[in-house]
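Participant: A single structure is presented below for examination.
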There are 2 protein chains.
Amino acid sequence: MPLRPALAASLLALVAAACAHSPVAAPARALTTQEVIDASAPSDWRQLDPGHTLYLQLPSGMVVIELAPQFAPEHVANIQALARGHYFDGLSVNRSQDNFVVQWGDPAGDELALRRPLGEAREKLPAEFSRPAQGLAFHALPDPDGWAPQVGFVDGFAAARDPKTGKAWLTHCYGAVGAGRAMAADSSNGSELYVVIGQSPRQLDLNITTVGRVVVGMERLSVLPRGGGPLGFYTDAGQRVPILAARLASDVPEEARARIEVMRTDTATWDAYVESRRNRRDEWYVHPAGHVDVCSLSVPVRPIPSPQG
Amino acid sequence: MPLRPALAASLLALVAAACAHSPVAAPARALTTQEVIDASAPSDWRQLDPGHTLYLQLPSGMVVIELAPQFAPEHVANIQALARGHYFDGLSVNRSQDNFVVQWGDPAGDELALRRPLGEAREKLPAEFSRPAQGLAFHALPDPDGWAPQVGFVDGFAAARDPKTGKAWLTHCYGAVGAGRAMAADSSNGSELYVVIGQSPRQLDLNITTVGRVVVGMERLSVLPRGGGPLGFYTDAGQRVPILAARLASDVPEEARARIEVMRTDTATWDAYVESRRNRRDEWYVHPAGHVDVCSLSVPVRPIPSPQG
């Protein structure tokens with residue numbers, strides 16, 4: 001008797017809704033997640049901006065990362081420069097800490113003299129832990145959050161904001177990608193990147209620059225054997241996983257790009273999706289929670305539907 | 001420049017505090033997690049009850065699971081009977097779903113005729129989704145929770161309770177172990193077990209019977225390659241990871257038992273630990289969160305300190 005919880009969003013992602021052309025009508029009853037996706041319109045989905053999409057090629061396959069220039073413009077510009085300079089090619093995943101993060105970059109680590117030069121990218125950037133909330137299309141969630149006064153989504157990214165300070169920031173949810181730093185707040189430059197692989201470490205919010213999120217391929221990073229050294233660093237060079245290449249989607253021929261689209265997070269369909277996660281209506285559930293956490297919501301991803309013909 | 005967040009509790013676990021005999025004095029300033037652990041007394045730690053500790057032996061090593069008879073007495077009794085009957089020996093991990101659960105049991109799954117007989121264990125048990133809060137030593141956390149009216153710890157287990165219903169239940173945090181079920185609420189019997197390997201799926205709370213938690217060895221389960229089938233089931237028998245044996249610690253010679261102890265969750269030291277996680281005082285942090293989630297708190301584990309001499 002296998003455990004049969006509702007289909008996870010990551011799975012739903014793969015269920016291309018072939019007949020997804022009817023708008024979401026006012027439902028007679030609450031919809032399941034699958035029903036929301038089945039009823040979505042093409043306009044409920046968007047494609048990633050190729051200039052802000054990073055492909056990380058590992059021996060096991062590709063990881064697709066959506067960058068967040070609206071939250072970390074300087075870091076994203078630097079990551080773009082690093083990718084264009086092929087900086088990451090031949091570097092490696094050097095750290096895997098259970099229930100925390102997987103991190104990649106130069107295995108030379110703190111040995112500054114041994115580190116690969118950054119090329120056209122900058123060594124020094126300002127910390128980008130938050131930004132003014134003004135100017136962001138912040139789509140709030142209905143439920144309260146313990147870590148921040150308000151949580152919601154901005155352009156597909158899980159985010160928080162504080163009306164008192166007027167600041168907004170990306171939240172450290174599963175799949176969030178950040179720029180590793182040393183003690184100094186402004187010691188990150190995007191050449192060391194990490195991704196969250198466990199319970200959302202929200203204590204990192206406002207303490208480090210978050211630069212994007214993994215859209216496809218988390219399972220290529222989350223399963224990497226945990227490192228035996230402090231903080232999950234690999235102690236043996238042979239354990240490191242090579243990065244074959246890191247490229248912006250815009251620098252890859254169009255036919256080689258990932259043919260995916262993601263659900264928009266500012267529509268009535270999104271609100272119906274959120275409600276379907278707040279109160280599961282799938283037959284398996286006997287107790288709808290009446291709540292959802294900003295880090296419990298995976299933004300659905302699917303292959304771009306084929307043109308009708 | 002490696003990312004240098006505070007040491008995770010799982011790491012702290014391995015830092016045996018050799019001189020842990022002074023009680024926690026009223027601190028002049030807030031303590032870091034490491035300082036709390038260093039200042040803990042022997043009485044702030046406890047050993048696991050061997051009769052309620054399950055050793056899961058995988059090819060990669062051992063997983064130690066603490067069972068929760070106070071929350072799921074019938075399921076725990078059945079798991080004890082299954083372990084004594086060597087039921088799990090030679091069965092396998094059959095499912096690994098990213099950011100959700102890893103599950104083990106009989107690979108025959110729904111093919112009831114092919115399933116291994118349960119021996120002395122029972123096929124049918126009542127659902128144990130919650131229990132009366134009365135009679136439990138519920139040690140509440142200071143922060144609110146979105147999923148439940150109150151959250152805290154009971155005997156080392158992350159838990160929730162509702163004063164209105166008078167019920168208490170275990171929360172689905174990273175490392176929580178539950179009993180898989182089919183559509184019927186009472187269709188679990190402990191022969192199919194799963195462990196949470198991602199963001200806490202709190203929507204499962206009150207929908208399934210939670211039977212324990214992984215104390216040591218999560219990294220042997222969390223890194224298992226994700227399955228390619230629906231819900232992360234392996235599609236190829238060769239991908240399944242064999243369970244070499246599952247034994248109660250009480251059925252293993254004392255010298256073969258795991259020499260570990262865990263921090264008690266009902267002491268002033270625990271409260272100081274919680275505060276050290278609510279507001280990180282480690283030098284790296286510039287913004288203390290002022291909050292902690294019940295699922296962000298790992299109960300520290302360490303080797304049993306050697307006798308002084």
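How things are named: the first chain in the structure tokens is A, the next is B, and so on; residues count from 1 in each chain; ligands count from 1 in the order shown.
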With 7 Å as the cut-off and only C-alpha atoms counted, what is the closest atom pair between each nearby residue of chain B and chain A? Distances in Å to one decimal, ordered by chain and number, as a Markdown table.
Facilitator:
```
| residue | atom | partner | partner_atom | distance |
| --- | --- | --- | --- | --- |
| B:Met1 | CA | A:Asp110 | CA | 5.2 |
| B:Pro2 | CA | A:Gly180 | CA | 5.9 |
| B:Leu3 | CA | A:Gly180 | CA | 4.2 |
| B:Arg4 | CA | A:Ala182 | CA | 6.0 |
| B:Leu7 | CA | A:Leu231 | CA | 6.9 |
| B:Asp98 | CA | A:Glu219 | CA | 6.1 |
| B:Gly109 | CA | A:Met1 | CA | 5.4 |
| B:Asp110 | CA | A:Met1 | CA | 5.2 |
| B:Pro144 | CA | A:Gly146 | CA | 6.6 |
| B:Asp145 | CA | A:Gly146 | CA | 6.8 |
| B:Gly146 | CA | A:His291 | CA | 6.5 |
| B:Trp147 | CA | A:His291 | CA | 5.9 |
| B:Tyr174 | CA | A:Gln199 | CA | 6.6 |
| B:Gly180 | CA | A:Leu3 | CA | 4.1 |
| B:Arg181 | CA | A:Leu3 | CA | 4.9 |
| B:Ala182 | CA | A:Met1 | CA | 5.7 |
| B:Met183 | CA | A:Trp284 | CA | 5.3 |
| B:Glu192 | CA | A:Pro2 | CA | 6.9 |
| B:Ile197 | CA | A:Gly198 | CA | 7.0 |
| B:Gly198 | CA | A:Gly198 | CA | 4.7 |
| B:Gln199 | CA | A:Gln199 | CA | 4.2 |
| B:Ser200 | CA | A:Gln199 | CA | 6.2 |
| B:Gln203 | CA | A:Ala289 | CA | 5.7 |
| B:Leu206 | CA | A:His287 | CA | 6.3 |
| B:Asn207 | CA | A:Val286 | CA | 5.9 |
| B:Glu219 | CA | A:Asp98 | CA | 6.1 |
| B:Ser222 | CA | A:Val223 | CA | 6.8 |
| B:Val223 | CA | A:Val223 | CA | 3.9 |
| B:Leu224 | CA | A:Val223 | CA | 6.0 |
| B:Pro225 | CA | A:Val223 | CA | 5.9 |
| B:Arg226 | CA | A:Glu219 | CA | 6.6 |
| B:Leu231 | CA | A:Leu7 | CA | 6.8 |
| B:Trp284 | CA | A:Met183 | CA | 5.3 |
| B:Tyr285 | CA | A:Asn207 | CA | 6.1 |
| B:Val286 | CA | A:Asn207 | CA | 5.9 |
| B:His287 | CA | A:Asn207 | CA | 5.9 |
| B:Ala289 | CA | A:Gln203 | CA | 5.7 |
| B:His291 | CA | A:Trp147 | CA | 5.9 |
| B:Ser296 | CA | A:Gln199 | CA | 6.7 |
```
Participant: Using only C-alpha atoms, determine which residues lie at most 10 Å from Lys167 of chain A, disregarding the query and same-chain residues fewer than 2 positions distant; provide the list as an NGL selection string.
Facilitator: :A and (129-134 or 160-165 or 169 or 206)
Participant: Selection from above, N, CA, C and O atoms, as a CSV table (one decimal), in the first residue's frame, can you write it?
Facilitator:
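Below you can see result.csv, which holds the result:
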```
chain,number,residue,atom,x,y,z
A,129,PHE,N,20.9,42.3,-0.2
A,129,PHE,CA,20.0,41.4,0.7
A,129,PHE,C,18.6,41.8,0.6
A,129,PHE,O,17.7,41.0,0.9
A,130,SER,N,18.3,43.0,0.2
A,130,SER,CA,16.9,43.5,0.0
A,130,SER,C,16.9,44.6,-1.0
A,130,SER,O,17.9,45.1,-1.4
A,131,ARG,N,15.7,45.1,-1.3
A,131,ARG,CA,15.5,46.2,-2.2
A,131,ARG,C,14.2,46.9,-1.8
A,131,ARG,O,13.4,46.4,-1.1
A,132,PRO,N,14.0,48.1,-2.3
A,132,PRO,CA,12.7,48.8,-2.0
A,132,PRO,C,11.6,48.0,-2.6
A,132,PRO,O,11.6,47.4,-3.7
A,133,ALA,N,10.5,47.8,-1.8
A,133,ALA,CA,9.3,47.1,-2.2
A,133,ALA,C,8.6,47.8,-3.4
A,133,ALA,O,8.0,47.2,-4.2
A,134,GLN,N,8.8,49.1,-3.3
A,134,GLN,CA,8.1,49.9,-4.3
A,134,GLN,C,8.6,49.5,-5.7
A,134,GLN,O,9.8,49.3,-5.9
A,160,ALA,N,9.2,38.2,0.3
A,160,ALA,CA,8.7,38.8,1.5
A,160,ALA,C,8.8,40.3,1.4
A,160,ALA,O,9.6,40.8,0.6
A,161,ARG,N,8.0,41.0,2.2
A,161,ARG,CA,8.2,42.5,2.3
A,161,ARG,C,7.8,42.9,3.7
A,161,ARG,O,7.0,42.3,4.4
A,162,ASP,N,8.3,44.1,4.0
A,162,ASP,CA,8.0,44.7,5.3
A,162,ASP,C,7.5,46.1,5.1
A,162,ASP,O,8.3,47.0,4.7
A,163,PRO,N,6.3,46.4,5.4
A,163,PRO,CA,5.7,47.7,5.1
A,163,PRO,C,6.5,48.8,6.0
A,163,PRO,O,6.5,49.9,5.6
A,164,LYS,N,7.0,48.4,7.1
A,164,LYS,CA,7.6,49.3,8.0
A,164,LYS,C,8.9,49.8,7.4
A,164,LYS,O,9.2,51.0,7.4
A,165,THR,N,9.7,48.9,6.9
A,165,THR,CA,11.0,49.3,6.3
A,165,THR,C,10.9,49.7,4.8
A,165,THR,O,11.8,50.3,4.2
A,169,TRP,N,12.4,41.3,-0.3
A,169,TRP,CA,13.5,40.4,-0.5
A,169,TRP,C,13.0,39.0,-0.9
A,169,TRP,O,11.8,38.6,-0.7
A,206,LEU,N,17.7,38.1,4.3
A,206,LEU,CA,18.2,39.4,4.8
A,206,LEU,C,19.7,39.3,5.3
A,206,LEU,O,20.2,40.3,5.8
```
Participant: Hey, what's within 9 Å of Leu118 of chain B if we count only C-alpha atoms and toss same-chain stuff fewer than 2 positions away? As a list in words, please?
Facilitator: Ala81, Leu82, Gly85, Tyr87, Arg115, Arg116, Glu120, Ala121, Arg122, Glu123 and Ser191 of chain B
Participant: Between atom CA of Pro303 of chain A and atom CA of Thr269 of chain A, what is the distance, to one decimal in Å?
Facilitator: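 Between these atoms lies a distance of 18.0 Å.
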Participant: Could you give me, as a ChimeraX atom specification, the residues within 8 Å of Asp89 of chain A, counting only C-alpha atoms and dropping anything in the same chain fewer than 4 positions from it?
Facilitator: /A:243-246
Participant: As a ChimeraX atom specification, please: all residues of segment 16-137 of chain A that backbone DSSP puts in alpha helix (DSSP H).
Facilitator: /A:33-38,73-84
Participant: Using DSSP on the backbone coordinates, identify all residues within segment 197-281 of chain B classified as strand (DSSP E or B); present the result as a list in words.
Facilitator: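 After running DSSP on the backbone, segment 197-281 of chain B has strand (DSSP E or B) at Thr209, Thr210, Val211, Gly212, Arg213, Val214, Val215, Val216, Phe233, Val241, Pro242, Ala245, Ala246, Arg247, Leu248, Ile260, Glu261, Val262 and Met263 of chain B.
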Participant: Would you write out those residues with N, CA and C atoms, as a CSV table (one decimal), in the first residue's frame?
Facilitator:
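Contents of selection19.csv, freshly written:
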```csv
chain,number,residue,atom,x,y,z
B,209,THR,N,-0.7,8.7,9.7
B,209,THR,CA,-0.1,8.4,11.0
B,209,THR,C,1.4,8.5,11.0
B,210,THR,N,1.9,9.4,11.9
B,210,THR,CA,3.3,9.6,12.0
B,210,THR,C,3.9,8.8,13.2
B,211,VAL,N,4.9,8.1,12.9
B,211,VAL,CA,5.3,7.1,13.9
B,211,VAL,C,6.7,7.3,14.6
B,212,GLY,N,7.4,8.3,14.1
B,212,GLY,CA,8.8,8.5,14.7
B,212,GLY,C,9.5,9.5,13.9
B,213,ARG,N,10.9,9.5,14.1
B,213,ARG,CA,11.7,10.5,13.5
B,213,ARG,C,13.1,9.9,13.3
B,214,VAL,N,13.8,10.3,12.3
B,214,VAL,CA,15.2,9.8,12.1
B,214,VAL,C,16.1,10.7,13.0
B,215,VAL,N,16.9,10.0,13.7
B,215,VAL,CA,17.8,10.7,14.7
B,215,VAL,C,19.2,10.8,14.1
B,216,VAL,N,19.6,9.8,13.4
B,216,VAL,CA,21.0,9.7,12.8
B,216,VAL,C,20.8,9.0,11.4
B,233,PHE,N,8.2,6.7,-7.5
B,233,PHE,CA,8.6,5.3,-7.4
B,233,PHE,C,9.6,4.9,-8.4
B,241,VAL,N,16.9,0.3,-3.3
B,241,VAL,CA,18.0,0.1,-2.4
B,241,VAL,C,17.5,-1.0,-1.4
B,242,PRO,N,18.3,-2.0,-1.2
B,242,PRO,CA,17.9,-3.1,-0.3
B,242,PRO,C,18.0,-2.7,1.1
B,245,ALA,N,18.6,-5.1,7.0
B,245,ALA,CA,17.9,-5.5,8.2
B,245,ALA,C,17.3,-4.3,8.9
B,246,ALA,N,16.3,-4.6,9.7
B,246,ALA,CA,15.6,-3.6,10.5
B,246,ALA,C,15.5,-4.3,11.9
B,247,ARG,N,16.1,-3.7,12.9
B,247,ARG,CA,16.1,-4.3,14.2
B,247,ARG,C,15.8,-3.2,15.3
B,248,LEU,N,15.1,-3.6,16.3
B,248,LEU,CA,15.0,-2.8,17.5
B,248,LEU,C,16.3,-2.8,18.2
B,260,ILE,N,24.8,7.1,21.2
B,260,ILE,CA,24.5,8.5,21.0
B,260,ILE,C,23.5,9.0,22.1
B,261,GLU,N,23.4,10.3,22.3
B,261,GLU,CA,22.4,10.9,23.1
B,261,GLU,C,21.9,12.1,22.4
B,262,VAL,N,20.7,12.5,22.8
B,262,VAL,CA,20.0,13.6,22.2
B,262,VAL,C,19.7,14.6,23.2
B,263,MET,N,19.6,15.9,22.8
B,263,MET,CA,19.2,16.9,23.7
B,263,MET,C,17.8,16.8,24.2
```
Participant: Extract, using only C-alpha atoms, all DNA, RNA and protein residues at most 9 Å from Ala140 of chain A, discarding same-chain residues fewer than 5 positions from it, and format them as a list in words.
Facilitator: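 Contacts, in chain order: Gln150, Val151, Gly152, Phe153, Val154, Ala159 and Ala160 of chain A.
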Participant: Just write the chosen residues, N, CA, C and O atoms, as a PDB file, in the first residue's frame.
Facilitator:
```pdb
ATOM      1  N   GLN A 150       4.942  40.143   5.540  1.00  0.00           N
ATOM      2  CA  GLN A 150       4.114  39.724   4.403  1.00  0.00           C
ATOM      3  C   GLN A 150       4.937  38.799   3.515  1.00  0.00           C
ATOM      4  O   GLN A 150       6.134  39.005   3.332  1.00  0.00           O
ATOM      5  N   VAL A 151       4.261  37.809   2.941  1.00  0.00           N
ATOM      6  CA  VAL A 151       4.913  36.950   1.953  1.00  0.00           C
ATOM      7  C   VAL A 151       4.013  36.808   0.734  1.00  0.00           C
ATOM      8  O   VAL A 151       2.797  36.979   0.821  1.00  0.00           O
ATOM      9  N   GLY A 152       4.651  36.504  -0.376  1.00  0.00           N
ATOM     10  CA  GLY A 152       3.906  36.334  -1.614  1.00  0.00           C
ATOM     11  C   GLY A 152       4.861  36.000  -2.739  1.00  0.00           C
ATOM     12  O   GLY A 152       5.946  35.449  -2.490  1.00  0.00           O
ATOM     13  N   PHE A 153       4.452  36.322  -3.947  1.00  0.00           N
ATOM     14  CA  PHE A 153       5.289  36.020  -5.106  1.00  0.00           C
ATOM     15  C   PHE A 153       5.464  37.279  -5.957  1.00  0.00           C
ATOM     16  O   PHE A 153       4.560  38.112  -6.057  1.00  0.00           O
ATOM     17  N   VAL A 154       6.656  37.397  -6.512  1.00  0.00           N
ATOM     18  CA  VAL A 154       7.001  38.485  -7.425  1.00  0.00           C
ATOM     19  C   VAL A 154       7.572  37.847  -8.676  1.00  0.00           C
ATOM     20  O   VAL A 154       8.650  37.231  -8.610  1.00  0.00           O
ATOM     21  N   ALA A 159       8.784  35.558  -2.178  1.00  0.00           N
ATOM     22  CA  ALA A 159       9.362  36.799  -1.666  1.00  0.00           C
ATOM     23  C   ALA A 159       8.646  37.247  -0.408  1.00  0.00           C
ATOM     24  O   ALA A 159       7.588  36.723  -0.040  1.00  0.00           O
ATOM     25  N   ALA A 160       9.245  38.224   0.268  1.00  0.00           N
ATOM     26  CA  ALA A 160       8.667  38.807   1.477  1.00  0.00           C
ATOM     27  C   ALA A 160       8.828  40.317   1.408  1.00  0.00           C
ATOM     28  O   ALA A 160       9.646  40.833   0.646  1.00  0.00           O
TER      29      ALA A 160
END
```
Participant: My list of candidates is B:Leu54, B:Leu125, B:Ala249, B:Leu91. Which is closest to Asp186 of chain B when distances are computed with only C-alpha atoms?
Facilitator: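 The shortest atom-to-atom distance to Asp186 of chain B comes from B:Leu125.
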Participant: Using atom CA of Asp155 of chain B and atom CA of Thr265 of chain B as the two end points, give the distance in Å to one decimal.
Facilitator: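 Atom-to-atom, atom CA of Asp155 of chain B and atom CA of Thr265 of chain B are spaced 6.4 Å apart.
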